[in-house]
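Next up, coords-v8.pdb (PDB, C-alpha atoms):
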```
MODEL        1
ATOM      1  CA  MET M   1       9.301   2.050 -22.133
ATOM      2  CA  ASN M   2      10.516   1.714 -18.579
ATOM      3  CA  ALA M   3      11.134   5.415 -18.429
ATOM      4  CA  SER M   4       7.619   6.224 -19.538
ATOM      5  CA  VAL M   5       6.048   3.817 -17.033
ATOM      6  CA  SER M   6       8.061   5.285 -14.214
ATOM      7  CA  GLU M   7       7.233   8.761 -15.483
ATOM      8  CA  MET M   8       3.546   7.861 -15.474
ATOM      9  CA  LYS M   9       3.856   6.435 -12.023
ATOM     10  CA  THR M  10       5.616   9.532 -10.764
ATOM     11  CA  ARG M  11       2.962  11.685 -12.324
ATOM     12  CA  SER M  12       0.100   9.666 -10.957
ATOM     13  CA  THR M  13       1.462   9.536  -7.432
ATOM     14  CA  THR M  14       2.558  13.130  -7.125
ATOM     15  CA  ARG M  15       0.470  15.722  -8.872
ATOM     16  CA  ASP M  16      -2.444  14.307 -10.780
ATOM     17  CA  ASP M  17      -3.470  11.664  -8.316
ATOM     18  CA  SER M  18      -3.578  13.503  -5.032
ATOM     19  CA  LEU M  19      -6.486  12.939  -2.688
ATOM     20  CA  LEU M  20      -8.466  16.148  -2.338
ATOM     21  CA  ILE M  21     -10.289  16.636   0.945
ATOM     22  CA  ALA M  22     -12.014  19.941   1.663
ATOM     23  CA  GLY M  23      -9.896  21.544  -1.040
ATOM     24  CA  LYS M  24      -6.556  20.366   0.314
ATOM     25  CA  PRO M  25      -4.444  17.841  -1.637
ATOM     26  CA  TYR M  26      -2.814  14.873   0.078
ATOM     27  CA  LEU M  27      -0.263  12.483  -1.401
ATOM     28  CA  SER M  28      -1.069   9.659   0.995
ATOM     29  CA  ARG M  29      -4.388   7.852   0.781
ATOM     30  CA  LEU M  30      -3.859   6.089   4.078
ATOM     31  CA  LEU M  31      -5.343   7.825   7.127
ATOM     32  CA  VAL M  32      -4.448   6.458  10.528
ATOM     33  CA  GLY M  33      -5.622   6.611  14.105
ATOM     34  CA  THR M  34      -3.420   7.040  17.143
ATOM     35  CA  GLY M  35      -5.233   4.814  19.658
ATOM     36  CA  LYS M  36      -4.249   1.486  21.248
ATOM     37  CA  TYR M  37      -0.487   1.838  20.853
ATOM     38  CA  LYS M  38       1.896   0.646  23.559
ATOM     39  CA  ASP M  39       3.326   4.110  24.115
ATOM     40  CA  MET M  40       3.959   7.439  22.437
ATOM     41  CA  GLU M  41       7.216   6.270  20.882
ATOM     42  CA  GLN M  42       5.483   3.377  19.130
ATOM     43  CA  THR M  43       2.665   5.704  18.072
ATOM     44  CA  GLN M  44       5.146   8.055  16.475
ATOM     45  CA  GLN M  45       7.121   5.325  14.724
ATOM     46  CA  ALA M  46       4.004   3.654  13.342
ATOM     47  CA  ILE M  47       2.530   6.922  12.060
ATOM     48  CA  GLU M  48       5.853   7.753  10.441
ATOM     49  CA  ALA M  49       6.073   4.323   8.768
ATOM     50  CA  SER M  50       2.487   4.605   7.494
ATOM     51  CA  GLY M  51       3.291   7.764   5.560
ATOM     52  CA  ALA M  52      -0.119   9.104   6.591
ATOM     53  CA  GLU M  53      -0.721  12.835   6.424
ATOM     54  CA  ILE M  54      -4.136  12.827   8.072
ATOM     55  CA  VAL M  55      -4.131  11.464  11.605
ATOM     56  CA  THR M  56      -7.085  11.032  13.933
ATOM     57  CA  ILE M  57      -7.112  11.972  17.608
ATOM     58  CA  ALA M  58      -9.704  11.764  20.368
ATOM     59  CA  ILE M  59     -10.817  14.441  22.827
ATOM     60  CA  ARG M  60     -11.011  13.392  26.477
ATOM     61  CA  ARG M  61     -10.977  14.788  29.999
ATOM     62  CA  THR M  62      -7.490  15.735  31.116
ATOM     63  CA  ASN M  63      -7.490  13.338  34.070
ATOM     64  CA  ILE M  64      -8.408  10.314  31.968
ATOM     65  CA  GLY M  65      -5.974   8.042  30.178
ATOM     66  CA  GLN M  66      -2.912  10.084  31.033
ATOM     67  CA  THR M  67       0.266   8.301  31.954
ATOM     68  CA  PRO M  68       2.143  10.704  34.263
ATOM     69  CA  GLY M  69       5.138  12.256  32.582
ATOM     70  CA  GLU M  70       4.142  11.032  29.130
ATOM     71  CA  PRO M  71       4.144  13.711  26.428
ATOM     72  CA  ASN M  72       0.882  15.001  25.021
ATOM     73  CA  ILE M  73      -0.133  13.423  21.716
ATOM     74  CA  LEU M  74       0.117  16.861  20.075
ATOM     75  CA  GLU M  75       3.813  16.995  20.963
ATOM     76  CA  VAL M  76       4.336  13.697  19.139
ATOM     77  CA  ILE M  77       1.926  14.255  16.252
ATOM     78  CA  SER M  78       2.530  17.892  15.535
ATOM     79  CA  PRO M  79      -0.376  19.903  14.106
ATOM     80  CA  GLU M  80       2.164  21.710  11.920
ATOM     81  CA  ARG M  81       3.259  18.523  10.179
ATOM     82  CA  TYR M  82       0.029  16.499  10.124
ATOM     83  CA  THR M  83      -3.570  17.316   9.354
ATOM     84  CA  LEU M  84      -5.256  16.372  12.606
ATOM     85  CA  LEU M  85      -8.647  14.799  12.436
ATOM     86  CA  PRO M  86     -10.386  14.984  15.809
ATOM     87  CA  ASN M  87     -13.007  12.266  16.078
ATOM     88  CA  THR M  88     -16.201  11.879  18.057
ATOM     89  CA  ALA M  89     -15.460   8.278  19.030
ATOM     90  CA  GLY M  90     -17.374   7.219  22.093
ATOM     91  CA  CYS M  91     -20.315   9.521  21.313
ATOM     92  CA  TYR M  92     -23.750   7.895  21.302
ATOM     93  CA  THR M  93     -25.833  11.067  21.034
ATOM     94  CA  VAL M  94     -26.053  14.043  18.695
ATOM     95  CA  GLU M  95     -25.336  16.414  21.602
ATOM     96  CA  ASP M  96     -22.149  14.636  22.686
ATOM     97  CA  ALA M  97     -20.824  14.461  19.135
ATOM     98  CA  VAL M  98     -21.490  18.139  18.428
ATOM     99  CA  ARG M  99     -20.045  19.176  21.780
ATOM    100  CA  THR M 100     -16.896  17.141  21.132
ATOM    101  CA  CYS M 101     -16.386  18.831  17.750
ATOM    102  CA  ARG M 102     -16.807  22.291  19.251
ATOM    103  CA  LEU M 103     -14.259  21.500  21.958
ATOM    104  CA  ALA M 104     -11.872  20.123  19.342
ATOM    105  CA  ARG M 105     -12.162  23.334  17.337
ATOM    106  CA  GLU M 106     -11.347  25.388  20.421
ATOM    107  CA  LEU M 107      -8.507  23.061  21.404
ATOM    108  CA  LEU M 108      -6.940  23.204  17.933
ATOM    109  CA  ASP M 109      -7.307  26.948  17.399
ATOM    110  CA  GLY M 110     -10.202  27.006  14.967
ATOM    111  CA  HIS M 111      -9.388  23.779  13.126
ATOM    112  CA  ASP M 112     -12.601  22.779  11.381
ATOM    113  CA  LEU M 113     -11.983  19.322   9.868
ATOM    114  CA  VAL M 114     -13.611  16.630  12.019
ATOM    115  CA  LYS M 115     -14.462  12.965  11.857
ATOM    116  CA  LEU M 116     -18.062  12.498  12.887
ATOM    117  CA  GLU M 117     -19.189   9.197  14.279
ATOM    118  CA  VAL M 118     -22.320   8.716  16.331
ATOM    119  CA  LEU M 119     -22.475   5.165  17.563
ATOM    120  CA  GLY M 120     -25.522   2.974  17.988
ATOM    121  CA  ASP M 121     -24.447   0.430  20.580
ATOM    122  CA  GLU M 122     -21.356  -0.854  22.314
ATOM    123  CA  LYS M 123     -21.489  -4.365  20.975
ATOM    124  CA  THR M 124     -21.370  -3.528  17.278
ATOM    125  CA  LEU M 125     -20.200   0.108  17.313
ATOM    126  CA  PHE M 126     -22.349   0.445  14.223
ATOM    127  CA  PRO M 127     -23.319   4.038  13.450
ATOM    128  CA  ASP M 128     -26.665   5.423  14.583
ATOM    129  CA  ILE M 129     -27.662   6.788  11.190
ATOM    130  CA  THR M 130     -30.502   9.091  12.220
ATOM    131  CA  ALA M 131     -28.289  10.662  14.880
ATOM    132  CA  THR M 132     -25.382  10.861  12.425
ATOM    133  CA  LEU M 133     -27.531  12.742   9.896
ATOM    134  CA  GLU M 134     -28.756  15.126  12.575
ATOM    135  CA  ALA M 135     -25.284  15.818  13.958
ATOM    136  CA  ALA M 136     -23.849  16.275  10.442
ATOM    137  CA  GLU M 137     -26.456  18.914   9.699
ATOM    138  CA  ILE M 138     -25.694  20.895  12.854
ATOM    139  CA  LEU M 139     -21.940  20.704  12.287
ATOM    140  CA  ILE M 140     -22.148  21.699   8.608
ATOM    141  CA  ASN M 141     -24.303  24.694   9.610
ATOM    142  CA  GLU M 142     -21.556  25.648  12.069
ATOM    143  CA  ASP M 143     -19.008  25.551   9.202
ATOM    144  CA  PHE M 144     -17.298  22.351  10.235
ATOM    145  CA  LYS M 145     -15.828  20.239   7.446
ATOM    146  CA  VAL M 146     -17.282  16.856   8.199
ATOM    147  CA  MET M 147     -15.770  13.505   7.287
ATOM    148  CA  VAL M 148     -18.475  11.102   8.299
ATOM    149  CA  TYR M 149     -18.394   7.488   9.450
ATOM    150  CA  THR M 150     -21.385   5.561   8.169
ATOM    151  CA  ASN M 151     -22.488   2.057   7.298
ATOM    152  CA  ASP M 152     -22.129   0.588   3.821
ATOM    153  CA  ASP M 153     -25.554   1.803   2.672
ATOM    154  CA  PRO M 154     -25.338   3.642  -0.690
ATOM    155  CA  ILE M 155     -28.552   5.603  -0.031
ATOM    156  CA  VAL M 156     -27.304   7.006   3.272
ATOM    157  CA  ALA M 157     -23.858   7.678   1.790
ATOM    158  CA  LYS M 158     -25.448   9.751  -0.972
ATOM    159  CA  ARG M 159     -27.575  11.649   1.520
ATOM    160  CA  LEU M 160     -24.551  12.539   3.644
ATOM    161  CA  GLU M 161     -22.775  13.742   0.510
ATOM    162  CA  LYS M 162     -25.753  15.900  -0.548
ATOM    163  CA  MET M 163     -25.875  17.472   2.911
ATOM    164  CA  GLY M 164     -22.338  18.734   2.412
ATOM    165  CA  CYS M 165     -20.056  16.247   4.141
ATOM    166  CA  VAL M 166     -16.553  16.616   2.657
ATOM    167  CA  ALA M 167     -15.907  12.859   2.709
ATOM    168  CA  VAL M 168     -18.084   9.826   3.324
ATOM    169  CA  MET M 169     -16.498   6.908   5.161
ATOM    170  CA  PRO M 170     -18.389   3.633   5.075
ATOM    171  CA  LEU M 171     -17.253   0.848   7.354
ATOM    172  CA  ALA M 172     -15.709  -2.302   5.881
ATOM    173  CA  ALA M 173     -16.704  -4.277   8.982
ATOM    174  CA  PRO M 174     -17.286  -3.401  12.671
ATOM    175  CA  ILE M 175     -14.700  -1.087  14.251
ATOM    176  CA  GLY M 176     -11.709  -3.031  15.529
ATOM    177  CA  SER M 177     -12.995  -6.348  14.135
ATOM    178  CA  GLY M 178     -10.368  -6.856  11.437
ATOM    179  CA  LEU M 179     -12.894  -8.787   9.357
ATOM    180  CA  GLY M 180     -12.079  -7.026   6.088
ATOM    181  CA  ILE M 181     -14.584  -5.785   3.513
ATOM    182  CA  ARG M 182     -17.833  -7.604   4.244
ATOM    183  CA  ASN M 183     -19.823  -6.091   1.438
ATOM    184  CA  PRO M 184     -17.613  -5.168  -1.503
ATOM    185  CA  TYR M 185     -20.624  -4.730  -3.787
ATOM    186  CA  ASN M 186     -22.106  -1.993  -1.618
ATOM    187  CA  ILE M 187     -18.738  -0.263  -1.285
ATOM    188  CA  ARG M 188     -18.393  -0.370  -5.077
ATOM    189  CA  THR M 189     -21.881   1.077  -5.522
ATOM    190  CA  ILE M 190     -21.138   3.880  -3.058
ATOM    191  CA  VAL M 191     -17.906   4.684  -4.913
ATOM    192  CA  GLU M 192     -19.586   4.684  -8.338
ATOM    193  CA  GLU M 193     -22.257   7.127  -7.243
ATOM    194  CA  ALA M 194     -20.072   9.458  -5.215
ATOM    195  CA  GLU M 195     -18.903  12.964  -5.975
ATOM    196  CA  VAL M 196     -16.935  13.352  -2.746
ATOM    197  CA  PRO M 197     -14.062  11.157  -1.558
ATOM    198  CA  ILE M 198     -15.153   7.750  -0.239
ATOM    199  CA  LEU M 199     -12.857   6.246   2.363
ATOM    200  CA  VAL M 200     -13.245   2.870   3.961
ATOM    201  CA  ASP M 201     -13.176   3.480   7.681
ATOM    202  CA  ALA M 202     -12.989   0.599  10.147
ATOM    203  CA  GLY M 203     -12.849  -3.158   9.836
ATOM    204  CA  VAL M 204      -9.642  -3.580   7.856
ATOM    205  CA  GLY M 205      -7.531  -6.424   9.298
ATOM    206  CA  THR M 206      -4.460  -6.738   7.151
ATOM    207  CA  ALA M 207      -2.747  -5.322   4.075
ATOM    208  CA  SER M 208      -4.782  -7.247   1.506
ATOM    209  CA  ASP M 209      -8.020  -5.772   2.954
ATOM    210  CA  ALA M 210      -6.660  -2.274   2.370
ATOM    211  CA  ALA M 211      -5.615  -3.207  -1.166
ATOM    212  CA  VAL M 212      -9.104  -4.571  -1.883
ATOM    213  CA  ALA M 213     -10.679  -1.318  -0.669
ATOM    214  CA  MET M 214      -8.472   0.658  -3.024
ATOM    215  CA  GLU M 215      -9.046  -1.738  -5.932
ATOM    216  CA  LEU M 216     -12.775  -1.194  -5.467
ATOM    217  CA  GLY M 217     -12.077   2.445  -6.232
ATOM    218  CA  CYS M 218     -12.145   3.926  -2.744
ATOM    219  CA  ASP M 219     -10.270   7.202  -2.443
ATOM    220  CA  GLY M 220      -8.558   6.164   0.756
ATOM    221  CA  VAL M 221      -8.598   3.962   3.822
ATOM    222  CA  LEU M 222      -8.730   4.998   7.467
ATOM    223  CA  MET M 223      -7.535   2.499  10.045
ATOM    224  CA  ASN M 224      -6.251   2.205  13.578
ATOM    225  CA  THR M 225      -6.514  -1.259  15.140
ATOM    226  CA  ALA M 226      -5.187  -3.117  12.090
ATOM    227  CA  ILE M 227      -1.860  -1.368  12.676
ATOM    228  CA  ALA M 228      -1.868  -0.869  16.444
ATOM    229  CA  ALA M 229      -2.933  -4.436  17.283
ATOM    230  CA  ALA M 230      -0.484  -6.116  14.905
ATOM    231  CA  GLN M 231       2.372  -8.048  16.522
ATOM    232  CA  ASN M 232       4.723  -5.505  14.986
ATOM    233  CA  PRO M 233       2.755  -2.281  14.479
ATOM    234  CA  VAL M 234       5.554  -0.363  12.774
ATOM    235  CA  LEU M 235       6.053  -3.097  10.168
ATOM    236  CA  MET M 236       2.293  -3.350   9.631
ATOM    237  CA  ALA M 237       2.134   0.427   9.137
ATOM    238  CA  SER M 238       4.681   0.077   6.367
ATOM    239  CA  ALA M 239       2.729  -2.841   4.862
ATOM    240  CA  MET M 240      -0.467  -0.781   4.876
ATOM    241  CA  LYS M 241       1.256   2.106   3.134
ATOM    242  CA  LYS M 242       2.328  -0.214   0.322
ATOM    243  CA  ALA M 243      -1.036  -1.974   0.167
ATOM    244  CA  VAL M 244      -2.894   1.309  -0.253
ATOM    245  CA  GLU M 245      -0.462   2.440  -2.941
ATOM    246  CA  ALA M 246      -0.594  -0.925  -4.719
ATOM    247  CA  GLY M 247      -4.382  -1.062  -4.562
ATOM    248  CA  ARG M 248      -4.645   2.451  -5.941
ATOM    249  CA  GLU M 249      -2.299   1.714  -8.822
ATOM    250  CA  ALA M 250      -4.139  -1.518  -9.604
ATOM    251  CA  TYR M 251      -7.430   0.388  -9.652
ATOM    252  CA  LEU M 252      -6.011   3.039 -11.973
ATOM    253  CA  ALA M 253      -4.389   0.382 -14.151
ATOM    254  CA  GLY M 254      -7.703  -1.459 -14.588
ATOM    255  CA  ARG M 255      -7.613  -5.162 -13.866
ATOM    256  CA  MET M 256      -7.925  -7.859 -16.545
ATOM    257  CA  PRO M 257     -11.291  -9.530 -16.895
ATOM    258  CA  ARG M 258     -11.810 -12.752 -14.969
ATOM    259  CA  ARG M 259     -12.178 -15.861 -17.082
ATOM    260  CA  ARG M 260     -13.064 -19.379 -16.155
ATOM    261  CA  TYR M 261     -10.538 -21.259 -18.292
ATOM    262  CA  ALA M 262      -6.836 -20.844 -18.874
ATOM    263  CA  SER M 263      -5.290 -18.567 -21.448
ATOM    264  CA  ALA M 264      -1.644 -19.338 -22.210
ATOM    265  CA  SER M 265       0.780 -16.524 -21.554
ATOM    266  CA  SER M 266       3.469 -17.796 -23.936
ATOM    267  CA  PRO M 267       2.778 -17.625 -27.715
ATOM    268  CA  LEU M 268       1.559 -20.837 -29.316
ATOM    269  CA  ASP M 269       3.192 -19.917 -32.652
ATOM    270  CA  GLY M 270       6.679 -21.293 -33.311
ATOM    271  CA  LEU M 271       6.400 -24.372 -31.136
ATOM    272  CA  PHE M 272       9.142 -26.836 -32.261
ATOM    273  CA  PHE M 273       7.409 -30.040 -31.160
TER
ATOM    274  CA  MET G   1     -17.401  27.185  47.259
ATOM    275  CA  LEU G   2     -17.911  23.940  45.437
ATOM    276  CA  ILE G   3     -17.391  23.275  41.748
ATOM    277  CA  PHE G   4     -17.059  20.123  39.679
ATOM    278  CA  VAL G   5     -13.977  19.635  37.547
ATOM    279  CA  ASN G   6     -14.194  16.719  35.113
ATOM    280  CA  GLY G   7     -16.896  15.211  37.282
ATOM    281  CA  GLU G   8     -14.952  15.502  40.552
ATOM    282  CA  GLU G   9     -15.931  17.841  43.386
ATOM    283  CA  ARG G  10     -13.458  20.566  44.203
ATOM    284  CA  CYS G  11     -13.524  23.188  46.885
ATOM    285  CA  ILE G  12     -12.175  26.500  45.596
ATOM    286  CA  ASN G  13     -11.843  30.094  46.739
ATOM    287  CA  ASP G  14     -14.598  32.477  45.755
ATOM    288  CA  SER G  15     -13.999  34.487  42.607
ATOM    289  CA  LEU G  16     -11.465  32.071  41.177
ATOM    290  CA  THR G  17     -11.007  32.598  37.432
ATOM    291  CA  VAL G  18     -10.693  29.842  34.830
ATOM    292  CA  ASP G  19      -7.117  30.972  34.343
ATOM    293  CA  ALA G  20      -6.318  30.519  38.044
ATOM    294  CA  LEU G  21      -8.092  27.163  38.161
ATOM    295  CA  LEU G  22      -5.979  25.862  35.260
ATOM    296  CA  GLU G  23      -2.888  27.139  37.041
ATOM    297  CA  ASN G  24      -3.920  25.274  40.225
ATOM    298  CA  LEU G  25      -4.546  22.101  38.264
ATOM    299  CA  GLY G  26      -1.149  22.289  36.610
ATOM    300  CA  TYR G  27      -2.578  22.902  33.148
ATOM    301  CA  ALA G  28      -1.251  26.444  32.714
ATOM    302  CA  GLY G  29       0.184  26.802  29.224
ATOM    303  CA  LYS G  30      -0.900  23.260  28.333
ATOM    304  CA  ARG G  31      -2.967  22.537  25.250
ATOM    305  CA  VAL G  32      -6.449  22.141  26.750
ATOM    306  CA  ALA G  33      -9.964  23.360  26.039
ATOM    307  CA  VAL G  34     -12.434  24.403  28.713
ATOM    308  CA  GLU G  35     -16.196  24.204  29.041
ATOM    309  CA  VAL G  36     -18.176  25.695  31.911
ATOM    310  CA  ASN G  37     -21.731  24.368  32.153
ATOM    311  CA  GLN G  38     -21.409  23.091  28.573
ATOM    312  CA  GLU G  39     -20.389  26.519  27.218
ATOM    313  CA  ILE G  40     -16.943  26.714  25.666
ATOM    314  CA  ILE G  41     -14.719  29.339  27.247
ATOM    315  CA  PRO G  42     -12.331  30.666  24.588
ATOM    316  CA  ARG G  43      -8.709  30.853  25.691
ATOM    317  CA  SER G  44      -8.802  34.630  25.408
ATOM    318  CA  GLN G  45     -11.477  34.789  28.131
ATOM    319  CA  TYR G  46      -9.794  32.619  30.766
ATOM    320  CA  THR G  47      -8.652  35.593  32.831
ATOM    321  CA  GLN G  48     -12.046  37.335  32.775
ATOM    322  CA  THR G  49     -14.205  34.276  33.465
ATOM    323  CA  GLN G  50     -14.991  33.849  37.162
ATOM    324  CA  LEU G  51     -16.305  30.541  38.415
ATOM    325  CA  LYS G  52     -19.528  30.330  40.427
ATOM    326  CA  ASP G  53     -20.789  27.890  43.007
ATOM    327  CA  ASN G  54     -21.809  24.558  41.460
ATOM    328  CA  ASP G  55     -20.213  25.295  38.101
ATOM    329  CA  ARG G  56     -19.458  22.217  36.084
ATOM    330  CA  VAL G  57     -16.091  22.592  34.447
ATOM    331  CA  GLU G  58     -14.690  20.265  31.823
ATOM    332  CA  VAL G  59     -11.028  20.436  30.894
ATOM    333  CA  VAL G  60     -10.215  18.352  27.823
ATOM    334  CA  ARG G  61      -7.189  17.594  25.716
ATOM    335  CA  ALA G  62      -6.247  15.502  22.709
ATOM    336  CA  ILE G  63      -5.294  11.860  23.235
ATOM    337  CA  GLY G  64      -4.605   8.969  20.910
ATOM    338  CA  GLY G  65      -7.715   7.642  19.216
ATOM    339  CA  GLY G  66      -8.908   6.120  15.979
TER
ENDMDL
END
```
Can I see the file as structure tokens?
Amino acid sequence: MNASVSEMKTRSTTRDDSLLIAGKPYLSRLLVGTGKYKDMEQTQQAIEASGAEIVTIAIRRTNIGQTPGEPNILEVISPERYTLLPNTAGCYTVEDAVRTCRLARELLDGHDLVKLEVLGDEKTLFPDITATLEAAEILINEDFKVMVYTNDDPIVAKRLEKMGCVAVMPLAAPIGSGLGIRNPYNIRTIVEEAEVPILVDAGVGTASDAAVAMELGCDGVLMNTAIAAAQNPVLMASAMKKAVEAGREAYLAGRMPRRRYASASSPLDGLFF
Amino acid sequence: MLIFVNGEERCINDSLTVDALLENLGYAGKRVAVEVNQEIIPRSQYTQTQLKDNDRVEVVRAIGGG
């Protein structure tokens, strides 16, 4: 019995249950960002503890945000070991987002997997959906493989999928807010309708939020601040890894139905009083 | 002549190539990507691409981000 459960678990977490993105299988369903860490050493330790295989990076001018003498992020997060996911964070227009992706492809020697986000305003960092759709179309026509950040609107999610995005990534809550999944019903609807991976991107605050996303049937979770802004980022990275795994297993296992009244766990037969 | 590198004015010698500019900036051999007037210059063309007066050059790299 125990052997077969562990066999099942091994099977489900190694071969059969890999996350397929743009044709490539991944064992980890946790995707992490590399922003907001104290230094490169902490970045590296947290990414390692998270077990993530897909790691986001940003593209910026060389004279911005560089601590003299600090190694380049690509020396710490090696493109040979990780699947890098350049993002278009900070882009508020179609042109800036497309330009950023083209530069990323040049920088990473033809690497074509990108995370597209076109933001609407600085206060909410909510996506500008019309601009996102427009940028996605241009990028897909240029043979980019687009993982797209969007809001939790099932209609838009479906449209992005139909256009050819390789993954659709609805927000749980505003970027960096840590508010958790604000609209689980919409996320569930998006998941039910989808034929590409659906990843919750942004808004996760702690491990239980990540577990909820996975229990809703999401294919993965992408996060940055929830780990980087924790008191102990490396420990939180480890917690997130477990939460994503636990949530996935719970989803696959199928939860019991909720009921309003109690149902005794011990048999009522054979009572001696 | 005058060019702009990452938004900052720079006075350079005439007929400077992208390759030589990167060398001057200390980015030789570093993992960067270059745009001149919003056109990407592939790495293989650094030595052939000469900069012109008023060119707007962007030199970018990967940094941590989410």
*On this file, the PyMOL selection byres ((chain G) within 8 of (chain M)) gives some set of residues; write that set as an MDAnalysis selection string.*
chainID G and resid 6 31:35 38 40 42 58:66
*Would you work out the distance separating CA of Cys91 in chain M from CA of Ile140 in chain M, expressed in Å to one decimal?*
17.7 Å
*Counting only C-alpha atoms, note down every residue that has an atom within 12 Å of the point (-22.6, 28.4, 47.2) (file coordinates), as a list in words.*
Met1, Leu2, Ile3, Cys11, Ile12, Asn13, Asp14, Ser15, Leu51, Lys52, Asp53, Asn54 and Asp55 of chain G
*Enter the distance from CA of Asn232 in chain M to CA of Ala211 in chain M, in Å, rounded to one decimal.*
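That distance, rounded to one decimal, is 19.3 Å.
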*Spell out the residues picked by the PyMOL selection byres ((chain M and resi 123-128) around 12) here, as an MDAnalysis selection string.*
chainID M and resid 88:94 97 116:122 129:136 148:153 156 169:177 201:203
_So that I can see what lies close to Phe4 in chain G, please list as a list of chain:residue names the residues with an atom at most 6 Å from it, counting all atoms listed in the file and leaving out residues fewer than 2 positions away in the same chain._
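Using all atoms listed in the file, the neighbours found are G:Gly7, G:Glu8, G:Glu9, G:Arg10, G:Arg56, G:Val57.
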*For Lys158 in chain M, list every protein, DNA or RNA residue within 12 Å, evaluated using only C-alpha atoms, and leave out those in the same chain fewer than 3 positions away; present the list as number ranges by chain.*
M: 133, 148, 150-155, 161-170, 189-198
*Write out as a ChimeraX atom specification each polymer residue whose atoms come within 9 Å of Ser238 in chain M, counting all atoms listed in the file; drop sequence neighbours fewer than 2 positions from it.*
/M:46,48-51,233-236,240-243
*asked:* What's the separation between CA of Ala262 in chain M and CA of Arg182 in chain M, in Å to one decimal place?
replied: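 So the answer is 28.8 Å.
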N, CA, C and O atoms modelled onto range 21-33 of chain M, as a tab-separated table (two decimals), in the coordinates of the input:
```tsv
chain	number	residue	atom	x	y	z
M	21	ILE	N	-9.27	16.62	-0.10
M	21	ILE	CA	-10.29	16.64	0.94
M	21	ILE	C	-10.47	18.07	1.42
M	21	ILE	O	-9.51	18.71	1.86
M	22	ALA	N	-11.69	18.56	1.30
M	22	ALA	CA	-12.01	19.94	1.66
M	22	ALA	C	-11.04	20.91	1.00
M	22	ALA	O	-10.57	21.86	1.62
M	23	GLY	N	-10.72	20.63	-0.26
M	23	GLY	CA	-9.90	21.54	-1.04
M	23	GLY	C	-8.40	21.39	-0.84
M	23	GLY	O	-7.61	22.05	-1.51
M	24	LYS	N	-7.99	20.52	0.07
M	24	LYS	CA	-6.56	20.37	0.31
M	24	LYS	C	-6.05	19.04	-0.26
M	24	LYS	O	-6.66	17.99	-0.02
M	25	PRO	N	-4.95	19.09	-1.05
M	25	PRO	CA	-4.44	17.84	-1.64
M	25	PRO	C	-3.53	17.06	-0.69
M	25	PRO	O	-2.74	17.66	0.06
M	26	TYR	N	-3.67	15.75	-0.73
M	26	TYR	CA	-2.81	14.87	0.08
M	26	TYR	C	-2.20	13.82	-0.83
M	26	TYR	O	-2.88	13.29	-1.71
M	27	LEU	N	-0.93	13.51	-0.59
M	27	LEU	CA	-0.26	12.48	-1.40
M	27	LEU	C	-0.59	11.09	-0.88
M	27	LEU	O	-0.65	10.13	-1.64
M	28	SER	N	-0.79	10.97	0.41
M	28	SER	CA	-1.07	9.66	1.00
M	28	SER	C	-2.57	9.43	1.07
M	28	SER	O	-3.33	10.33	1.44
M	29	ARG	N	-2.97	8.23	0.71
M	29	ARG	CA	-4.39	7.85	0.78
M	29	ARG	C	-4.67	6.96	1.98
M	29	ARG	O	-5.73	6.37	2.09
M	30	LEU	N	-3.68	6.86	2.84
M	30	LEU	CA	-3.86	6.09	4.08
M	30	LEU	C	-4.00	7.08	5.23
M	30	LEU	O	-3.15	7.94	5.43
M	31	LEU	N	-5.10	6.97	5.96
M	31	LEU	CA	-5.34	7.82	7.13
M	31	LEU	C	-5.28	6.91	8.34
M	31	LEU	O	-5.82	5.79	8.30
M	32	VAL	N	-4.62	7.36	9.39
M	32	VAL	CA	-4.45	6.46	10.53
M	32	VAL	C	-4.89	7.09	11.85
M	32	VAL	O	-4.84	8.30	12.03
M	33	GLY	N	-5.29	6.20	12.75
M	33	GLY	CA	-5.62	6.61	14.10
M	33	GLY	C	-4.41	6.48	15.01
M	33	GLY	O	-3.39	5.90	14.63
```
